[in-house]
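Presented below is the structure to which this report refers.
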Amino acid sequence: MKALLKDFSLSAVVAGFIATVISYAGPLVIIFQAAKAGNMPHDVLSSWIWTISIGSGVLGILLSLRYRVPIIIAWSAPGSALLVTMLPEISLNEAVGAYIVTSLVVLLVGLSGAFDRIIDRLPAAIAAGMLAGILFRFGTGLFVSVKEQPWLVLTMFATYLVFKRAMPRYAVLAVLVVGVAITFASGELRSEALIVGLATPVWITPEFSWQVMLNIAFPLIMVALTGQFVPGMAVLRNDGYGTPASPLITSSALGSLLLAPFGCHGLNLAAITAAICTGKESHENSARRYVAGVSGGVFYLLLGIFGATLVSIFTAFPAALIAALAGLALLAAIGGALSGAMAVPQDREAALITFLVTASGMSFLGLSAAFWGLIFGIAAHLLLGLRHPRPASISPAACAEGEQPAR
């Protein structure tokens, strides 16, 4: 505790807070859509939000303190999107059975240590290109939101530039304060939507079906490993953290397994929001950025306990504010990833392919753009890195007999 207090900084706490806010801003909407598709009772939805929030908070705090690294745990947004299409066809009990099987398989992958070996062999430029592609839409979303709320977004943008010049560590905090102040002053806050309510866990007895295992468990496993843990580890590696992947995967899978009967569909290593906490905006000293992971976990716990209140907050604030905040908070991470992707000349084209495929948002065979970005990028890296065959050498004797080298 003494070390935590010594390393405490306002910029790291703000980074953790913003990472938490952005974690809820988009993915939570997908969960509401999945709950609506499955005709889920309100108390079960509240339990679902409670489990993913408490699980993310506890794991984020413990892992950040254990490894002194800003580790952000979040729920699987692609996994939530998968459930939007699947829940109408199956029962919630069968879905929970699939969650348990998914967590067990991911737990075995973590314990085996195989994931660490894969990550260590991934070229740094390819990983950086994938990360840049994942974050790209958040950067463009900043400027797309100008059309919706020009005065709000442009003022936030100007605030960011001014503070980035004068007080860079507090630029994102200033943007948040200005954005909220303008929302209140302009009357854009829908105060009637705000309510206060606690979330409580609800037990859901699991049921197991092999059809559901194939339709839900297998895609969730692939999404967790390729769409969450790979980019999540890329974020840590991009900012110089050598934390092993296996304990992070194992801890996340164990937490998911324990919370699955209460509605948790999967906890993973965050990528997008983690980039806010691992960069210099969190703290100049990389050894003190773990405070952002701890503060993010604390905010997860608070928001998870007040689940109903959380829902109303995101309903009350304009979507443009969240989009602008996410884009500005991630600008430095996007720039760093692009720089890393282009830093190695011989991998530049492969990294560019990785970036373009990932940024495209394509989905093929049920697998995400991040996965295909890696596949295309690694294929380009291997093919372009092949050595050209050397031309056959001609002996002096052959030249004396009148043979000429092939041109």
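For the structure tokens, the naming scheme is as follows: chains receive sequential letters (A, B, ...) according to their order of presentation, residues are indexed from 1 within each chain, and ligands are indexed from 1 in presentation order.
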- Could you name the residues that touch Ile334 in chain A at 9 Å or less, counting only C-alpha atoms, but leaving out those on the same chain fewer than 5 positions away, as a ChimeraX atom specification? /A:131-133,135-136,139,275,339
Take the residues from that selection and write them out as an mmCIF file, in the first residue's frame, keeping N, CA and C atoms.
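Writing the result to again.cif gives the following:
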```cif
data_model
loop_
_atom_site.group_PDB
_atom_site.id
_atom_site.type_symbol
_atom_site.label_atom_id
_atom_site.label_comp_id
_atom_site.auth_asym_id
_atom_site.auth_seq_id
_atom_site.Cartn_x
_atom_site.Cartn_y
_atom_site.Cartn_z
ATOM 1 N N LEU A 131 -2.343 -3.424 -33.899
ATOM 2 C CA LEU A 131 -2.821 -2.505 -32.868
ATOM 3 C C LEU A 131 -3.300 -1.194 -33.479
ATOM 4 N N ALA A 132 -2.536 -0.652 -34.423
ATOM 5 C CA ALA A 132 -2.929 0.594 -35.091
ATOM 6 C C ALA A 132 -4.252 0.417 -35.824
ATOM 7 N N GLY A 133 -4.446 -0.743 -36.449
ATOM 8 C CA GLY A 133 -5.698 -1.008 -37.158
ATOM 9 C C GLY A 133 -6.885 -1.093 -36.227
ATOM 10 N N LEU A 135 -7.191 0.438 -33.313
ATOM 11 C CA LEU A 135 -7.470 1.760 -32.744
ATOM 12 C C LEU A 135 -7.913 2.775 -33.792
ATOM 13 N N PHE A 136 -7.713 2.464 -35.068
ATOM 14 C CA PHE A 136 -7.939 3.426 -36.145
ATOM 15 C C PHE A 136 -9.359 4.007 -36.135
ATOM 16 N N GLY A 139 -9.914 6.798 -33.703
ATOM 17 C CA GLY A 139 -9.351 8.081 -34.122
ATOM 18 C C GLY A 139 -10.228 8.773 -35.144
ATOM 19 N N ALA A 275 -4.492 0.694 -24.006
ATOM 20 C CA ALA A 275 -3.548 1.610 -24.649
ATOM 21 C C ALA A 275 -3.582 2.993 -24.009
ATOM 22 N N SER A 339 4.034 4.307 -35.684
ATOM 23 C CA SER A 339 5.490 4.487 -35.712
ATOM 24 C C SER A 339 6.198 3.137 -35.598
#
```
- Would you please extract all helix (DSSP H, G or I) residues from range 134-261 of chain A, as assigned by DSSP on the backbone, and give them as a PyMOL selection string? chain A and resi 134-144+150-166+168-186+191-193+210-238+245-261
Taking only C-alpha atoms into account, produce a table as JSON lines in which each residue of range 261-360 of chain A with an atom at most 9 Å from an atom of range 48-56 of chain A appears once, together with its shortest atom pair and the distance in Å to one decimal, ordered by chain and rising number.
```
{"residue": "A:Phe262", "atom": "CA", "partner": "A:Trp48", "partner_atom": "CA", "distance": 6.5}
{"residue": "A:Gly263", "atom": "CA", "partner": "A:Trp48", "partner_atom": "CA", "distance": 4.6}
{"residue": "A:Cys264", "atom": "CA", "partner": "A:Thr51", "partner_atom": "CA", "distance": 5.6}
{"residue": "A:His265", "atom": "CA", "partner": "A:Ile52", "partner_atom": "CA", "distance": 8.0}
{"residue": "A:Gly266", "atom": "CA", "partner": "A:Ile52", "partner_atom": "CA", "distance": 7.7}
{"residue": "A:Leu267", "atom": "CA", "partner": "A:Ser56", "partner_atom": "CA", "distance": 6.8}
{"residue": "A:Asn268", "atom": "CA", "partner": "A:Ser56", "partner_atom": "CA", "distance": 8.4}
{"residue": "A:Gly297", "atom": "CA", "partner": "A:Ser56", "partner_atom": "CA", "distance": 6.7}
{"residue": "A:Tyr300", "atom": "CA", "partner": "A:Ser53", "partner_atom": "CA", "distance": 5.3}
{"residue": "A:Leu301", "atom": "CA", "partner": "A:Ile54", "partner_atom": "CA", "distance": 5.2}
{"residue": "A:Leu302", "atom": "CA", "partner": "A:Ile54", "partner_atom": "CA", "distance": 8.5}
{"residue": "A:Leu303", "atom": "CA", "partner": "A:Ser53", "partner_atom": "CA", "distance": 7.1}
{"residue": "A:Gly304", "atom": "CA", "partner": "A:Ser53", "partner_atom": "CA", "distance": 4.7}
{"residue": "A:Ile305", "atom": "CA", "partner": "A:Trp50", "partner_atom": "CA", "distance": 6.4}
{"residue": "A:Phe306", "atom": "CA", "partner": "A:Trp50", "partner_atom": "CA", "distance": 8.4}
{"residue": "A:Gly307", "atom": "CA", "partner": "A:Trp50", "partner_atom": "CA", "distance": 6.4}
```
- Task: Have a look at A:Leu220, A:Leu248, A:Ile204, A:Val291 and name the one nearest to Lys6 in chain A; count only C-alpha atoms.
- Result: A:Val291
- Message: If we count only C-alpha atoms and set the cut-off at 12 Å, which residues sit around Glu349 in chain A, ignoring sequence neighbours fewer than 5 positions away in its own chain? Please answer as a PyMOL selection string.
- Response: chain A and resi 125-126+129+341-344+354-356+376-385
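Taking only C-alpha atoms, the non-local environment of range 87-101 of chain A within 8 Å (same-chain residues fewer than 3 positions away omitted) comprises Ala34, Ala37, Gly38, Asn39, Leu83, Val84, Leu104, Val105, Ile204, Thr205, Pro206, Glu207, Phe208, Ser209, Val212, Met213, Ile216, Ala217, Ser256, Leu257, Ala260, Pro261, Gly263, Cys264, His265 and Gly266 of chain A.
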- Expected answer as a PyMOL selection string: strand (DSSP E or B) residues in range 27-273 of chain A: chain A and resi 73-75+267-269
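The two atoms in question, CA of Gly279 in chain A and CA of Asp239 in chain A, are spaced 6.6 Å apart.
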- Message: Could you list, as a PyMOL selection string, every residue within 9 Å of Thr250 in chain A, counting only C-alpha atoms and ignoring same-chain residues fewer than 4 positions away?
- Response: chain A and resi 106-111+245-246+254-255
- Task: Using only C-alpha atoms, find the one residue out of A:Phe157, A:Phe17, A:Phe299, A:Phe184 that sits nearest to Phe143 in chain A.
- Result: A:Phe157
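For the set A:Ala124, A:Arg117, A:Ala320, A:Met130, the residue with the smallest atom-to-atom gap to Trp151 in chain A is A:Ala320, counting only C-alpha atoms.
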